[in-house]
Amino acid sequence: MIPISKIAHRTCFIVSRTVYMTCCCGCCSALRPRYKRLVDNIFPASPQDGLVKSNMEKLTFYSLSSPEKLDRIGEYLFQKASRDIYRRRHGFVIIAMEAMDQLLVACHSQTLNLFVESFLKMVQKLLESTDPQLQILATQSFVRFANIEEDTPSYHRRYDFFVSKFSAMCHSNHIDKATRDKIRLAGIQGLQGVIRKTVSDDLVENIWEAQHMDKIVPSLLYNMQTAEKYETVSCMEGAGGAEAPAKLAEACLRELVGRASFGHIRSVLRPVLTHFDRHELWIPNEFAVHTFKIIMFSIQAQYSYSVVEALMQHLDAAAPSAGDARARTRLRAARATVLSNIVAIAAGDSVGPSVLEIINNLLTNLRASVARDSEKESDEKLYQEALINALGEFADHLPDFQKIDIMMFIVNKVPSAPRGKGTRPDSMLQSILLKSLLKVGTTYRTTELSKAFPAAFLEALLRVGASAEQRARALLQRILHTLLDRRGNVTRLARPTVEYAELGLAVEKCSRQDLIFINKHGYALFSSLYDGLQLESNSMENIEAIYTTLALICIELGSEETVCDILQLILAIQQSGLSNPVLSVSQQCQLQAVALALAALVPHVCVLPRLADYIHKIVSARREEAPQLLPPLREDYEDLTPAKMPAKLPYLMMDQMALCECVKASGLECSKLAAASPYSAGSVAAPHRHSWVEAGAAQGRDSLADITAGPLNELDSANSSPGVQRAAGGGEGVSLEALRRAAGGPSDAERRDAERRRATLNNAFRTAPFDHLLHITQPKYEIKDKLEEIFNSISEEPLLPVSGSCSPAGHKSYQQSVPPYTKYFPELFLY
């Protein structure tokens, strides 16, 4: 048996040990750091009860009072949350995260950076979990952190994990659609937070690096392309709510692009272009247009041309899937369509060199397209049309003076080659560039013709018209229509007619500035149009286009000062339809109809009643006898009998003298109309060339020739012509009369006869076939013999020796002092 004393002792020991252990635990709890006790007290017994607010207030007050403890508080909260995540006690994890958020918002001190490290570790721990609820919770906490402006920068903080994780959340493929949308929304919000946190602080990680942009931008685009309908607005405020991932992704992309500086624009554009290439989003291109419009509306205005430039440089880049040539062509056409939709947005803010740089890049791509083009490649045509539309859209938003500069820039790029000598690529490039010029011209609103047609621009246009192919000539006339028409008459004048009263044309008085313009450039313009009507390759479209141009000139510039010039041109057109041997029967009839239609328009613009009556009589006579010489034009006139040819109906033509009388009856000066026509059929009017015939006539050589002709050669003295004897009787009187005639110049009859001979010669060389001209101008002698005769004549004794001496010394001095080129030589003809 155990003694009672021992039992009592053991009992006492057990009781004392229990009391000791109890006291020891209480003492240990009391000895724990205060911040830990405060942190422990914020957690309730059951997570459903939520954060203990009163204890949280104590913890917040303690943190504000002892900011040096913040890092320890954060680390302790992180440890507790990590254990709870491992034990899957998510309720306590949520409470710990909520406490972290409140401390983060409340504590703005210089030691906040130390707490942020624990906070970001907590967020990262939650994001690494597989529970969507914790991921969303962590994202929301991170967004709240991103909106806080820190007083001190952080040099060692990195966001690589957050960019990767948020980007992965943007691509969530969770089975439940509602959960999937929530995770994607959280990912987009996280990326938005990263952008806000890093863009504003230059000391943190550079978010614009390729490793980050290659994750952020495709994640946003991936969510944007899931939208059912693409609605592009011009500002962030109009983007609507962010309930759907597509809307929020669009808002995030706007913010990212809006914060990009000039050096960072390419960092955003490169992954955008890559994403569209990899996922084949160019065709169809609705989403591409939507995306690039968002970029253009969000980017800083002065950088907008960089987007256009980047897209133009990407036009020819091949996508991984575009293996064959046709697929690449379709891809280029789709990209060019996107470009044409956004280029107008950049036009308003582009200035100086950037404008011409964009235009030059577009033209360069057009030239490259022409080099690739083939007859059967329709996709290449779509690409060219898209580039031309882009050019027009860009020019449409520029001021007028820049449009003129662009048109001059384009027309100088047009290749010019003599007719029939241009290559097919040159012809195609002509047409493409003229289409581009026409597209820009349609955006220009002409006020004064002198501003619309600067001298260099007009000269370049006429030069192109002299060397262009048939379709290019038609395009050139359409360009002229666009720039000449200021009152909307071009559609009414598309076809020749004589019934202008029914068209309702808008006619106004010609301004003084326009009169100055036509007086300065009228002859060059009229000559070019006249020569354009003399081409054998003209189709009915070409002739109608030139008629429209001339009709617009008549309406825009018709006045008392220009009536004679216009009528003179009309008479020249009528005459060319009769005498130009290269024209077909159809073209001859078409020119007669065009000339009469233009003549009928003149009294409609200017009040000339006599002229109107005269034209009406001709119209009536042609209706009865020759309707083929009246509008409208026909393609085929081959059924005409020889008696119905225009040349066989001279009495149905407009008469020059009759027109002069009609103009004179209206009180206008008609001397210009009565003069010989200055237009030459089938060739560009060349500048006046010095001729020995005209020079001699101007100096009275005809009269001097008369003096020495026939019996009057006795005028020469015996001293100067020793071998010739003076005729007996009356020699002095004849010589005096001849001198009077020489001094007075040719008589009126002689002038008329010389003018008639000159006109006959000019007409023969203008209208006769080339073979005939070659035959009649063949020399009647051998070139070698004639040259010997000329050289021998140079060495002969001069007619008027120097110093009146006939000595050999005088003869020698004359040869040395007078160069051979002062003599007159026969006219030379070059074939």
# chains A, B, ... in the order shown; residues from 1 in each chain; ligands from 1

$ residues_around --residues "Arg487 in chain A" --least-positions-apart "6" --cutoff "9 Å" --atoms "only C-alpha atoms" --output "list in words"
Leu505, Ala506, Val507, Glu508 and Glu556 of chain A

$ select_by_dssp --residues "range 324-493 of chain A" --states "alpha helix (DSSP H)" --output "MDAnalysis selection string"
chainID A and resid 325:347 353:372 378:396 400:411 424:441 449:452 455:467 470:484

$ closest_residue --among "A:Leu366, A:Ala599, A:Ala572, A:Leu652" --to "Pro627 in chain A" --atoms "only C-alpha atoms"
A:Leu652

$ atom_distance --atom1 "CA of Glu560 in chain A" --atom2 "CA of Ala759 in chain A"
28.2 Å

$ residues_around --residues "Phe517 in chain A" --least-positions-apart "5" --cutoff "10 Å" --atoms "only C-alpha atoms" --output "PDB file with N, CA and C atoms, in the first residue's frame"
ATOM      1  N   GLU A 448     -10.613  80.290-107.626  1.00  0.00           N
ATOM      2  CA  GLU A 448     -10.014  81.015-108.731  1.00  0.00           C
ATOM      3  C   GLU A 448      -9.175  80.042-109.550  1.00  0.00           C
ATOM      4  N   LEU A 449      -9.306  80.155-110.874  1.00  0.00           N
ATOM      5  CA  LEU A 449      -8.576  79.239-111.746  1.00  0.00           C
ATOM      6  C   LEU A 449      -7.073  79.439-111.646  1.00  0.00           C
ATOM      7  N   SER A 450      -6.639  80.633-111.350  1.00  0.00           N
ATOM      8  CA  SER A 450      -5.201  80.868-111.227  1.00  0.00           C
ATOM      9  C   SER A 450      -4.622  80.120-110.035  1.00  0.00           C
ATOM     10  N   LYS A 451      -5.422  79.901-108.990  1.00  0.00           N
ATOM     11  CA  LYS A 451      -4.962  79.139-107.838  1.00  0.00           C
ATOM     12  C   LYS A 451      -5.064  77.634-108.093  1.00  0.00           C
ATOM     13  N   PHE A 453      -4.805  76.260-111.060  1.00  0.00           N
ATOM     14  CA  PHE A 453      -3.863  75.904-112.118  1.00  0.00           C
ATOM     15  C   PHE A 453      -2.645  76.819-112.066  1.00  0.00           C
ATOM     16  N   PRO A 454      -1.759  76.629-111.099  1.00  0.00           N
ATOM     17  CA  PRO A 454      -0.485  77.351-111.172  1.00  0.00           C
ATOM     18  C   PRO A 454       0.234  77.008-112.476  1.00  0.00           C
ATOM     19  N   ALA A 455       1.088  77.906-112.918  1.00  0.00           N
ATOM     20  CA  ALA A 455       1.710  77.738-114.228  1.00  0.00           C
ATOM     21  C   ALA A 455       2.439  76.395-114.341  1.00  0.00           C
ATOM     22  N   SER A 511     -14.949  86.531-113.830  1.00  0.00           N
ATOM     23  CA  SER A 511     -14.256  87.507-112.988  1.00  0.00           C
ATOM     24  C   SER A 511     -13.012  88.032-113.684  1.00  0.00           C
ATOM     25  N   ARG A 512     -12.502  89.129-113.152  1.00  0.00           N
ATOM     26  CA  ARG A 512     -11.309  89.727-113.730  1.00  0.00           C
ATOM     27  C   ARG A 512     -10.097  88.818-113.563  1.00  0.00           C
ATOM     28  N   GLY A 522      -4.462  80.808-122.057  1.00  0.00           N
ATOM     29  CA  GLY A 522      -5.505  80.300-122.934  1.00  0.00           C
ATOM     30  C   GLY A 522      -4.971  79.585-124.159  1.00  0.00           C
ATOM     31  N   LEU A 557     -15.323  80.822-118.470  1.00  0.00           N
ATOM     32  CA  LEU A 557     -14.476  81.917-118.936  1.00  0.00           C
ATOM     33  C   LEU A 557     -15.064  82.672-120.118  1.00  0.00           C
TER      34      LEU A 557
END

$ residues_around --residues "Asn173 in chain A" --least-positions-apart "3" --cutoff "12 Å" --atoms "only C-alpha atoms" --output "VMD selection string"
chain A and resid 132 168 to 170 176 to 184 223

$ write_last_selection --atoms "N, CA and C atoms" --output "compact mmCIF listing (two decimals), in the first residue's frame"
# COMPACT_ATOMS: atom_id res chain seq x y z
N PRO A 132 -10.78 30.68 -58.68
CA PRO A 132 -11.10 31.94 -59.37
C PRO A 132 -11.46 33.06 -58.42
N ALA A 168 -2.49 35.92 -68.78
CA ALA A 168 -3.04 34.56 -68.83
C ALA A 168 -4.51 34.55 -68.44
N MET A 169 -4.88 35.37 -67.45
CA MET A 169 -6.29 35.45 -67.05
C MET A 169 -7.15 36.01 -68.18
N CYS A 170 -6.58 36.90 -69.00
CA CYS A 170 -7.33 37.45 -70.14
C CYS A 170 -7.68 36.38 -71.15
N ASP A 176 -17.44 27.49 -67.26
CA ASP A 176 -18.61 28.35 -67.01
C ASP A 176 -18.37 29.72 -67.62
N LYS A 177 -19.31 30.15 -68.48
CA LYS A 177 -19.13 31.41 -69.18
C LYS A 177 -19.09 32.60 -68.22
N ALA A 178 -19.96 32.60 -67.22
CA ALA A 178 -19.99 33.72 -66.28
C ALA A 178 -18.66 33.82 -65.53
N THR A 179 -18.17 32.67 -65.08
CA THR A 179 -16.87 32.68 -64.38
C THR A 179 -15.75 33.09 -65.33
N ARG A 180 -15.83 32.59 -66.57
CA ARG A 180 -14.79 32.94 -67.55
C ARG A 180 -14.76 34.45 -67.80
N ASP A 181 -15.93 35.05 -67.93
CA ASP A 181 -15.97 36.49 -68.15
C ASP A 181 -15.43 37.26 -66.95
N LYS A 182 -15.72 36.76 -65.75
CA LYS A 182 -15.21 37.43 -64.56
C LYS A 182 -13.69 37.36 -64.49
N ILE A 183 -13.14 36.19 -64.82
CA ILE A 183 -11.68 36.05 -64.78
C ILE A 183 -11.04 36.94 -65.84
N ARG A 184 -11.63 36.99 -67.02
CA ARG A 184 -11.07 37.83 -68.09
C ARG A 184 -11.17 39.31 -67.72
N ASN A 223 -9.54 39.83 -76.39
CA ASN A 223 -10.87 40.08 -75.78
C ASN A 223 -11.70 41.03 -76.64

$ residues_around --residues "range 54-66 of chain A" --least-positions-apart "2" --cutoff "9 Å" --atoms "only C-alpha atoms" --output "ChimeraX atom specification"
/A:35,38-39,41-43,51-52,68-70,73,99,102-103,106-109
